[in-house]
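Structure file run_21.csv with CSV, C-alpha atoms:
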```
chain,number,residue,atom,x,y,z
A,30,MET,CA,0.0,0.0,0.0
A,31,TYR,CA,1.1,3.5,-0.7
A,32,GLN,CA,1.8,5.7,2.4
A,33,THR,CA,3.6,9.0,2.5
A,34,ALA,CA,3.2,10.2,6.0
A,35,ALA,CA,4.8,8.8,9.2
A,36,LYS,CA,2.2,8.7,11.9
A,37,SER,CA,4.6,9.9,14.6
A,38,ASP,CA,4.0,13.6,13.9
A,39,VAL,CA,0.4,13.7,14.9
A,40,ALA,CA,1.0,16.5,17.5
A,41,PHE,CA,2.0,18.6,14.5
A,42,ASP,CA,0.2,22.0,14.6
A,43,PRO,CA,1.3,23.8,11.5
A,44,ALA,CA,1.3,27.5,10.9
A,45,PRO,CA,0.1,28.5,7.4
A,46,LEU,CA,2.6,28.3,4.7
A,47,PRO,CA,3.9,31.5,3.0
A,48,HIS,CA,1.6,33.1,0.4
A,49,ARG,CA,1.7,31.5,-3.1
A,50,ARG,CA,0.4,33.6,-5.9
A,51,VAL,CA,-1.6,32.4,-8.9
A,52,ASP,CA,0.8,32.0,-11.9
A,53,TRP,CA,-1.4,33.0,-14.8
A,54,GLY,CA,1.5,32.6,-17.3
A,55,ALA,CA,2.2,29.1,-16.3
A,56,ALA,CA,-1.6,28.3,-16.4
A,57,ARG,CA,-1.9,29.6,-19.9
A,58,HIS,CA,1.2,27.6,-21.0
A,59,ALA,CA,-0.2,24.4,-19.4
A,60,LEU,CA,-3.6,24.9,-21.1
A,61,ALA,CA,-1.9,25.1,-24.5
A,62,ARG,CA,0.0,21.9,-23.7
A,63,LEU,CA,-3.2,20.2,-22.4
A,64,ARG,CA,-4.8,20.7,-25.8
A,65,ALA,CA,-2.0,18.7,-27.4
A,66,ASP,CA,-1.6,16.0,-24.7
A,67,VAL,CA,-4.2,15.2,-22.0
A,68,GLU,CA,-2.1,12.3,-20.7
A,69,GLY,CA,1.0,14.4,-19.8
A,70,ASP,CA,1.7,16.7,-16.8
A,71,ALA,CA,-0.3,19.6,-18.2
A,72,ILE,CA,-3.4,19.0,-16.1
A,73,GLU,CA,-1.3,19.0,-12.8
A,74,ASP,CA,0.7,22.0,-14.1
A,75,PHE,CA,-2.5,23.9,-14.7
A,76,ARG,CA,-4.0,23.0,-11.4
A,77,LEU,CA,-1.0,24.0,-9.5
A,78,ALA,CA,-0.5,27.2,-11.4
A,79,ILE,CA,-4.0,28.4,-10.6
A,80,ASP,CA,-4.1,27.0,-7.1
A,81,GLY,CA,-2.2,29.8,-5.4
A,82,ASP,CA,-3.1,29.6,-1.7
A,83,GLN,CA,-6.1,27.3,-2.1
A,84,GLY,CA,-4.3,24.1,-1.3
A,85,GLU,CA,-3.0,25.5,2.0
A,86,GLU,CA,-6.4,27.1,2.8
A,87,ARG,CA,-8.1,23.7,2.3
A,88,PHE,CA,-5.5,22.1,4.6
A,89,GLN,CA,-5.9,24.7,7.3
A,90,ALA,CA,-9.7,24.4,7.1
A,91,PHE,CA,-9.4,20.6,7.4
A,92,LEU,CA,-7.4,21.0,10.6
A,93,ARG,CA,-10.2,23.0,12.1
A,94,ARG,CA,-12.9,20.3,11.4
A,95,PRO,CA,-14.1,17.9,14.0
A,96,GLY,CA,-12.4,14.6,13.5
A,97,ALA,CA,-9.3,16.0,11.8
A,98,ARG,CA,-7.0,15.0,14.6
A,99,ALA,CA,-8.4,11.4,14.6
A,100,LEU,CA,-7.7,11.2,10.9
A,101,LEU,CA,-4.2,12.5,11.4
A,102,ARG,CA,-3.6,9.8,14.0
A,103,GLU,CA,-4.8,7.0,11.7
A,104,ARG,CA,-3.9,8.5,8.4
A,105,PRO,CA,-5.9,6.0,6.3
A,106,ASP,CA,-4.2,5.1,3.0
A,107,LEU,CA,-6.9,6.4,0.6
A,108,PRO,CA,-4.7,6.0,-2.6
A,109,GLY,CA,-4.1,2.3,-1.6
A,110,THR,CA,-7.8,1.8,-0.8
A,111,LEU,CA,-8.9,3.2,-4.2
A,112,ASP,CA,-6.3,1.1,-6.0
A,113,ASP,CA,-7.6,-2.1,-4.4
A,114,TRP,CA,-10.0,-2.8,-7.2
A,115,ALA,CA,-10.7,-6.3,-6.0
A,116,THR,CA,-12.1,-5.0,-2.7
A,117,LEU,CA,-14.0,-2.2,-4.4
A,118,ASP,CA,-15.5,-4.8,-6.9
A,119,ARG,CA,-17.2,-6.5,-3.9
A,120,LEU,CA,-19.2,-3.4,-3.1
A,121,PRO,CA,-22.8,-3.3,-4.3
A,122,PRO,CA,-23.4,-2.3,-7.9
A,123,GLY,CA,-24.0,1.5,-8.3
A,124,THR,CA,-22.0,2.5,-5.2
A,125,LEU,CA,-19.3,5.1,-5.5
A,126,GLY,CA,-16.5,2.7,-4.7
A,127,ARG,CA,-17.7,0.1,-7.2
A,128,ARG,CA,-18.2,2.6,-10.0
A,129,TYR,CA,-14.8,4.2,-9.3
A,130,ALA,CA,-13.1,0.8,-9.6
A,131,GLU,CA,-14.9,0.2,-12.9
A,132,LEU,CA,-13.8,3.6,-14.4
A,133,ALA,CA,-10.3,3.4,-12.9
A,134,ARG,CA,-9.8,-0.1,-14.5
A,135,GLU,CA,-11.3,1.1,-17.8
A,136,ASP,CA,-8.9,4.1,-17.8
A,137,GLY,CA,-5.9,2.3,-16.3
A,138,VAL,CA,-5.8,4.8,-13.5
A,139,ARG,CA,-3.7,4.0,-10.4
A,140,VAL,CA,-4.2,6.9,-8.0
A,141,ALA,CA,-1.2,6.0,-5.9
A,142,ASP,CA,1.0,6.4,-9.0
A,143,ILE,CA,-0.5,9.9,-9.6
A,144,ALA,CA,0.0,10.9,-6.0
A,145,ARG,CA,3.6,9.6,-6.1
A,146,ALA,CA,4.3,11.6,-9.3
A,147,SER,CA,2.8,14.7,-7.7
A,148,ASN,CA,5.1,14.2,-4.7
A,149,GLU,CA,8.1,14.0,-7.0
A,150,ARG,CA,7.5,17.3,-8.7
A,151,GLU,CA,10.1,20.0,-8.4
A,152,ASP,CA,7.9,22.2,-6.2
A,153,ALA,CA,6.4,19.4,-4.1
A,154,ARG,CA,8.4,20.2,-0.9
A,155,GLU,CA,7.4,23.9,-1.2
A,156,ARG,CA,3.7,23.0,-1.5
A,157,ALA,CA,3.8,20.2,1.1
A,158,PRO,CA,6.9,20.5,3.2
A,159,ASP,CA,5.9,17.9,5.8
A,160,ALA,CA,4.5,14.4,5.9
A,161,VAL,CA,1.1,15.5,7.1
A,162,ARG,CA,0.6,18.0,4.2
A,163,ARG,CA,1.8,15.3,1.8
A,164,TRP,CA,-0.8,12.9,3.2
A,165,PHE,CA,-3.5,15.6,2.8
A,166,ALA,CA,-2.3,16.4,-0.8
A,167,ASP,CA,-2.5,12.7,-1.7
A,168,ARG,CA,-6.2,12.8,-0.5
A,169,MET,CA,-6.8,15.8,-2.8
A,170,VAL,CA,-5.4,13.8,-5.7
A,171,CYS,CA,-7.8,11.0,-4.8
A,172,ASN,CA,-10.6,13.6,-4.6
A,173,HIS,CA,-10.0,14.6,-8.2
A,174,ASP,CA,-10.4,11.1,-9.5
A,175,LEU,CA,-13.4,10.4,-7.4
A,176,LEU,CA,-15.0,13.6,-8.8
A,177,HIS,CA,-14.5,12.2,-12.3
A,178,THR,CA,-16.8,9.3,-11.1
A,179,LEU,CA,-19.4,11.6,-9.4
A,180,THR,CA,-19.6,14.2,-12.2
A,181,GLY,CA,-19.3,11.9,-15.2
A,182,TYR,CA,-16.6,14.1,-16.7
A,183,GLY,CA,-14.3,12.1,-18.8
A,184,ARG,CA,-10.5,12.0,-18.8
A,185,ASP,CA,-10.3,13.7,-22.2
A,186,VAL,CA,-9.4,17.4,-22.6
A,187,ALA,CA,-13.0,18.6,-22.3
A,188,GLY,CA,-13.6,16.4,-19.3
A,189,GLU,CA,-10.5,17.5,-17.5
A,190,LEU,CA,-11.2,21.2,-18.1
A,191,GLY,CA,-14.8,20.7,-17.0
A,192,LEU,CA,-13.7,19.0,-13.8
A,193,LEU,CA,-11.1,21.6,-13.1
A,194,ALA,CA,-13.8,24.3,-13.6
A,195,PHE,CA,-16.2,22.4,-11.4
A,196,SER,CA,-13.5,21.9,-8.7
A,197,PHE,CA,-12.4,25.5,-8.6
```

Rendering of file as structure tokens:
Amino acid sequence: MYQTAAKSDVAFDPAPLPHRRVDWGAARHALARLRADVEGDAIEDFRLAIDGDQGEERFQAFLRRPGARALLRERPDLPGTLDDWATLDRLPPGTLGRRYAELAREDGVRVADIARASNEREDARERAPDAVRRWFADRMVCNHDLLHTLTGYGRDVAGELGLLAFSF
């Protein structure tokens, strides 16, 4: 199973990270690349370019929610759970987990690989400098793929752009 965060740092109480601005030039460049190659890094490049402070704001909001500390203690492996298609296939037909497994298999998506690639990006340590933020970021990667299932947006250029617009 894929796991990025050591569970020993649960007492962690992070101050917000420094301000990150939206990089409109990088976003425009990523959109141009996306039109040519939906399979490459352009989607993630675009998302990160327009994210600015939103990722850190979502993380800080998560920390204020009831149950956040319990999740931090346990740090369930959501990428590993979503990549366990055999277990998800045993869920009742029509459930989110079962439908996700069907689409992930059809598209050949392994969310742990996507999360790992995101954590290997050049700016990954700036965006998520500690294990807890990396764990949280991995969950956001999972969220994107679950949203494909919930919204019905495909993994083609139009679907990715529609989902990005829906998400933001």

Using all atoms listed in the file - which residues lie no farther than 12 Å from the point (-11.5, 11.5, -18.1) in the file's frame? Write them as a PyMOL selection string. chain A and resi 67-68+72+129+132-133+135-138+173-193

Need the shell around A:Arg127: protein/DNA/RNA residues with any atom at most 9 Å away, counting all atoms listed in the file. Skip same-chain ones fewer than 4 positions apart. Format as a JSON list (two decimals) with C-alpha atoms, in the frame of the given file?
```json
[["chain", "number", "residue", "atom", "x", "y", "z"],
["A", 114, "TRP", "CA", -10.00, -2.80, -7.20],
["A", 116, "THR", "CA", -12.10, -5.00, -2.70],
["A", 117, "LEU", "CA", -14.00, -2.20, -4.40],
["A", 118, "ASP", "CA", -15.50, -4.80, -6.90],
["A", 119, "ARG", "CA", -17.20, -6.50, -3.90],
["A", 120, "LEU", "CA", -19.20, -3.40, -3.10],
["A", 121, "PRO", "CA", -22.80, -3.30, -4.30],
["A", 122, "PRO", "CA", -23.40, -2.30, -7.90],
["A", 123, "GLY", "CA", -24.00, 1.50, -8.30],
["A", 131, "GLU", "CA", -14.90, 0.20, -12.90],
["A", 132, "LEU", "CA", -13.80, 3.60, -14.40]]
```

Which residue is closest to A:Gly84? Choose from A:Arg150, A:His48, A:Arg145, A:Arg134 and count all atoms listed in the file.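 Using all atoms listed in the file, the shortest distance to A:Gly84 belongs to A:His48.
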
Top pick for closest residue to A:Asp159, considering A:Ala130, A:Ala44, A:Leu107, A:Ala59 and counting only C-alpha atoms: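 Of A:Ala130, A:Ala44, A:Leu107, A:Ala59, the one nearest A:Asp159, counting only C-alpha atoms, is A:Ala44.
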
With the cut-off set at 10 Å and counting all atoms listed in the file, tabulate each residue of stretch 66-97 of chain A with an atom at most that distance from an atom of stretch 165-172 of chain A, showing the nearest atom pair and its distance in Å to one decimal, ordered by chain and increasing number, as CSV.
```
residue,atom,partner,partner_atom,distance
A:Glu73,CA,A:Val170,CA,9.7
A:Gly84,CA,A:Ala166,CA,8.0
A:Glu85,CA,A:Ala166,CA,9.5
A:Arg87,CA,A:Phe165,CA,9.3
A:Phe88,CA,A:Phe165,CA,7.0
A:Phe91,CA,A:Phe165,CA,9.0
```

Point-to-point distance in Å for atom CA of A:Ile143 and atom CA of A:Leu111: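 We find that atom CA of A:Leu111 and atom CA of A:Ile143 lie 12.0 Å from each other.
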
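Rounded to one decimal, atom CA of A:Ala141 and atom CA of A:Asp80 lie 21.2 Å from each other.
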
What is the distance, in Å and to one decimal place, between atom CA of A:Pro95 and atom CA of A:Pro43?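 Answer for the atom CA of A:Pro95 to atom CA of A:Pro43 separation: 16.7 Å.
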
Atoms added to stretch 158-188 of chain A (N, CA and C atoms), reported as a PDB file, keeping the file's coordinate frame:
```pdb
ATOM      1  N   PRO A 158       5.595  20.706   2.647  1.00  0.00           N
ATOM      2  CA  PRO A 158       6.900  20.500   3.200  1.00  0.00           C
ATOM      3  C   PRO A 158       7.027  19.444   4.300  1.00  0.00           C
ATOM      4  N   ASP A 159       5.918  18.891   4.721  1.00  0.00           N
ATOM      5  CA  ASP A 159       5.900  17.900   5.800  1.00  0.00           C
ATOM      6  C   ASP A 159       5.052  16.734   5.451  1.00  0.00           C
ATOM      7  N   ALA A 160       5.196  15.651   6.205  1.00  0.00           N
ATOM      8  CA  ALA A 160       4.500  14.400   5.900  1.00  0.00           C
ATOM      9  C   ALA A 160       2.972  14.557   6.020  1.00  0.00           C
ATOM     10  N   VAL A 161       2.502  15.387   6.938  1.00  0.00           N
ATOM     11  CA  VAL A 161       1.100  15.500   7.100  1.00  0.00           C
ATOM     12  C   VAL A 161       0.451  16.244   5.899  1.00  0.00           C
ATOM     13  N   ARG A 162       1.106  17.286   5.420  1.00  0.00           N
ATOM     14  CA  ARG A 162       0.600  18.000   4.200  1.00  0.00           C
ATOM     15  C   ARG A 162       0.682  17.056   3.002  1.00  0.00           C
ATOM     16  N   ARG A 163       1.715  16.236   2.905  1.00  0.00           N
ATOM     17  CA  ARG A 163       1.800  15.300   1.800  1.00  0.00           C
ATOM     18  C   ARG A 163       0.657  14.282   1.843  1.00  0.00           C
ATOM     19  N   TRP A 164       0.348  13.789   3.042  1.00  0.00           N
ATOM     20  CA  TRP A 164      -0.800  12.900   3.200  1.00  0.00           C
ATOM     21  C   TRP A 164      -2.072  13.565   2.743  1.00  0.00           C
ATOM     22  N   PHE A 165      -2.258  14.811   3.170  1.00  0.00           N
ATOM     23  CA  PHE A 165      -3.500  15.600   2.800  1.00  0.00           C
ATOM     24  C   PHE A 165      -3.484  15.798   1.284  1.00  0.00           C
ATOM     25  N   ALA A 166      -2.358  16.159   0.691  1.00  0.00           N
ATOM     26  CA  ALA A 166      -2.300  16.400  -0.800  1.00  0.00           C
ATOM     27  C   ALA A 166      -2.640  15.119  -1.526  1.00  0.00           C
ATOM     28  N   ASP A 167      -2.191  13.977  -1.027  1.00  0.00           N
ATOM     29  CA  ASP A 167      -2.500  12.700  -1.700  1.00  0.00           C
ATOM     30  C   ASP A 167      -4.048  12.501  -1.673  1.00  0.00           C
ATOM     31  N   ARG A 168      -4.706  12.907  -0.610  1.00  0.00           N
ATOM     32  CA  ARG A 168      -6.200  12.800  -0.500  1.00  0.00           C
ATOM     33  C   ARG A 168      -6.837  13.697  -1.556  1.00  0.00           C
ATOM     34  N   MET A 169      -6.237  14.850  -1.815  1.00  0.00           N
ATOM     35  CA  MET A 169      -6.800  15.800  -2.800  1.00  0.00           C
ATOM     36  C   MET A 169      -6.630  15.168  -4.223  1.00  0.00           C
ATOM     37  N   VAL A 170      -5.529  14.460  -4.472  1.00  0.00           N
ATOM     38  CA  VAL A 170      -5.400  13.800  -5.700  1.00  0.00           C
ATOM     39  C   VAL A 170      -6.488  12.729  -5.886  1.00  0.00           C
ATOM     40  N   CYS A 171      -6.755  11.996  -4.826  1.00  0.00           N
ATOM     41  CA  CYS A 171      -7.800  11.000  -4.800  1.00  0.00           C
ATOM     42  C   CYS A 171      -9.185  11.691  -5.091  1.00  0.00           C
ATOM     43  N   ASN A 172      -9.382  12.830  -4.467  1.00  0.00           N
ATOM     44  CA  ASN A 172     -10.600  13.600  -4.600  1.00  0.00           C
ATOM     45  C   ASN A 172     -10.867  13.900  -6.099  1.00  0.00           C
ATOM     46  N   HIS A 173      -9.819  14.308  -6.801  1.00  0.00           N
ATOM     47  CA  HIS A 173     -10.000  14.600  -8.200  1.00  0.00           C
ATOM     48  C   HIS A 173     -10.505  13.422  -8.992  1.00  0.00           C
ATOM     49  N   ASP A 174      -9.921  12.257  -8.749  1.00  0.00           N
ATOM     50  CA  ASP A 174     -10.400  11.100  -9.500  1.00  0.00           C
ATOM     51  C   ASP A 174     -11.744  10.609  -9.048  1.00  0.00           C
ATOM     52  N   LEU A 175     -12.074  10.766  -7.790  1.00  0.00           N
ATOM     53  CA  LEU A 175     -13.400  10.400  -7.400  1.00  0.00           C
ATOM     54  C   LEU A 175     -14.449  11.398  -7.994  1.00  0.00           C
ATOM     55  N   LEU A 176     -14.050  12.659  -8.168  1.00  0.00           N
ATOM     56  CA  LEU A 176     -15.000  13.600  -8.800  1.00  0.00           C
ATOM     57  C   LEU A 176     -15.226  13.266 -10.261  1.00  0.00           C
ATOM     58  N   HIS A 177     -14.259  12.654 -10.937  1.00  0.00           N
ATOM     59  CA  HIS A 177     -14.500  12.200 -12.300  1.00  0.00           C
ATOM     60  C   HIS A 177     -15.721  11.184 -12.234  1.00  0.00           C
ATOM     61  N   THR A 178     -15.730  10.323 -11.236  1.00  0.00           N
ATOM     62  CA  THR A 178     -16.800   9.300 -11.100  1.00  0.00           C
ATOM     63  C   THR A 178     -18.124  10.000 -10.760  1.00  0.00           C
ATOM     64  N   LEU A 179     -18.104  10.929  -9.823  1.00  0.00           N
ATOM     65  CA  LEU A 179     -19.400  11.600  -9.400  1.00  0.00           C
ATOM     66  C   LEU A 179     -19.961  12.474 -10.452  1.00  0.00           C
ATOM     67  N   THR A 180     -19.120  13.212 -11.185  1.00  0.00           N
ATOM     68  CA  THR A 180     -19.600  14.200 -12.200  1.00  0.00           C
ATOM     69  C   THR A 180     -19.891  13.572 -13.528  1.00  0.00           C
ATOM     70  N   GLY A 181     -19.207  12.475 -13.827  1.00  0.00           N
ATOM     71  CA  GLY A 181     -19.300  11.900 -15.200  1.00  0.00           C
ATOM     72  C   GLY A 181     -18.398  12.551 -16.176  1.00  0.00           C
ATOM     73  N   TYR A 182     -17.601  13.526 -15.747  1.00  0.00           N
ATOM     74  CA  TYR A 182     -16.600  14.100 -16.700  1.00  0.00           C
ATOM     75  C   TYR A 182     -15.575  13.128 -17.034  1.00  0.00           C
ATOM     76  N   GLY A 183     -15.276  13.021 -18.326  1.00  0.00           N
ATOM     77  CA  GLY A 183     -14.300  12.100 -18.800  1.00  0.00           C
ATOM     78  C   GLY A 183     -12.863  12.546 -18.533  1.00  0.00           C
ATOM     79  N   ARG A 184     -11.913  11.736 -18.954  1.00  0.00           N
ATOM     80  CA  ARG A 184     -10.500  12.000 -18.800  1.00  0.00           C
ATOM     81  C   ARG A 184      -9.887  12.625 -20.052  1.00  0.00           C
ATOM     82  N   ASP A 185     -10.740  13.038 -20.977  1.00  0.00           N
ATOM     83  CA  ASP A 185     -10.300  13.700 -22.200  1.00  0.00           C
ATOM     84  C   ASP A 185     -10.076  15.200 -21.849  1.00  0.00           C
ATOM     85  N   VAL A 186      -9.631  15.990 -22.811  1.00  0.00           N
ATOM     86  CA  VAL A 186      -9.400  17.400 -22.600  1.00  0.00           C
ATOM     87  C   VAL A 186     -10.621  18.119 -22.058  1.00  0.00           C
ATOM     88  N   ALA A 187     -11.751  17.916 -22.732  1.00  0.00           N
ATOM     89  CA  ALA A 187     -13.000  18.600 -22.300  1.00  0.00           C
ATOM     90  C   ALA A 187     -13.392  18.166 -20.904  1.00  0.00           C
ATOM     91  N   GLY A 188     -13.278  16.882 -20.603  1.00  0.00           N
ATOM     92  CA  GLY A 188     -13.600  16.400 -19.300  1.00  0.00           C
ATOM     93  C   GLY A 188     -12.731  16.932 -18.188  1.00  0.00           C
TER      94      GLY A 188
END
```
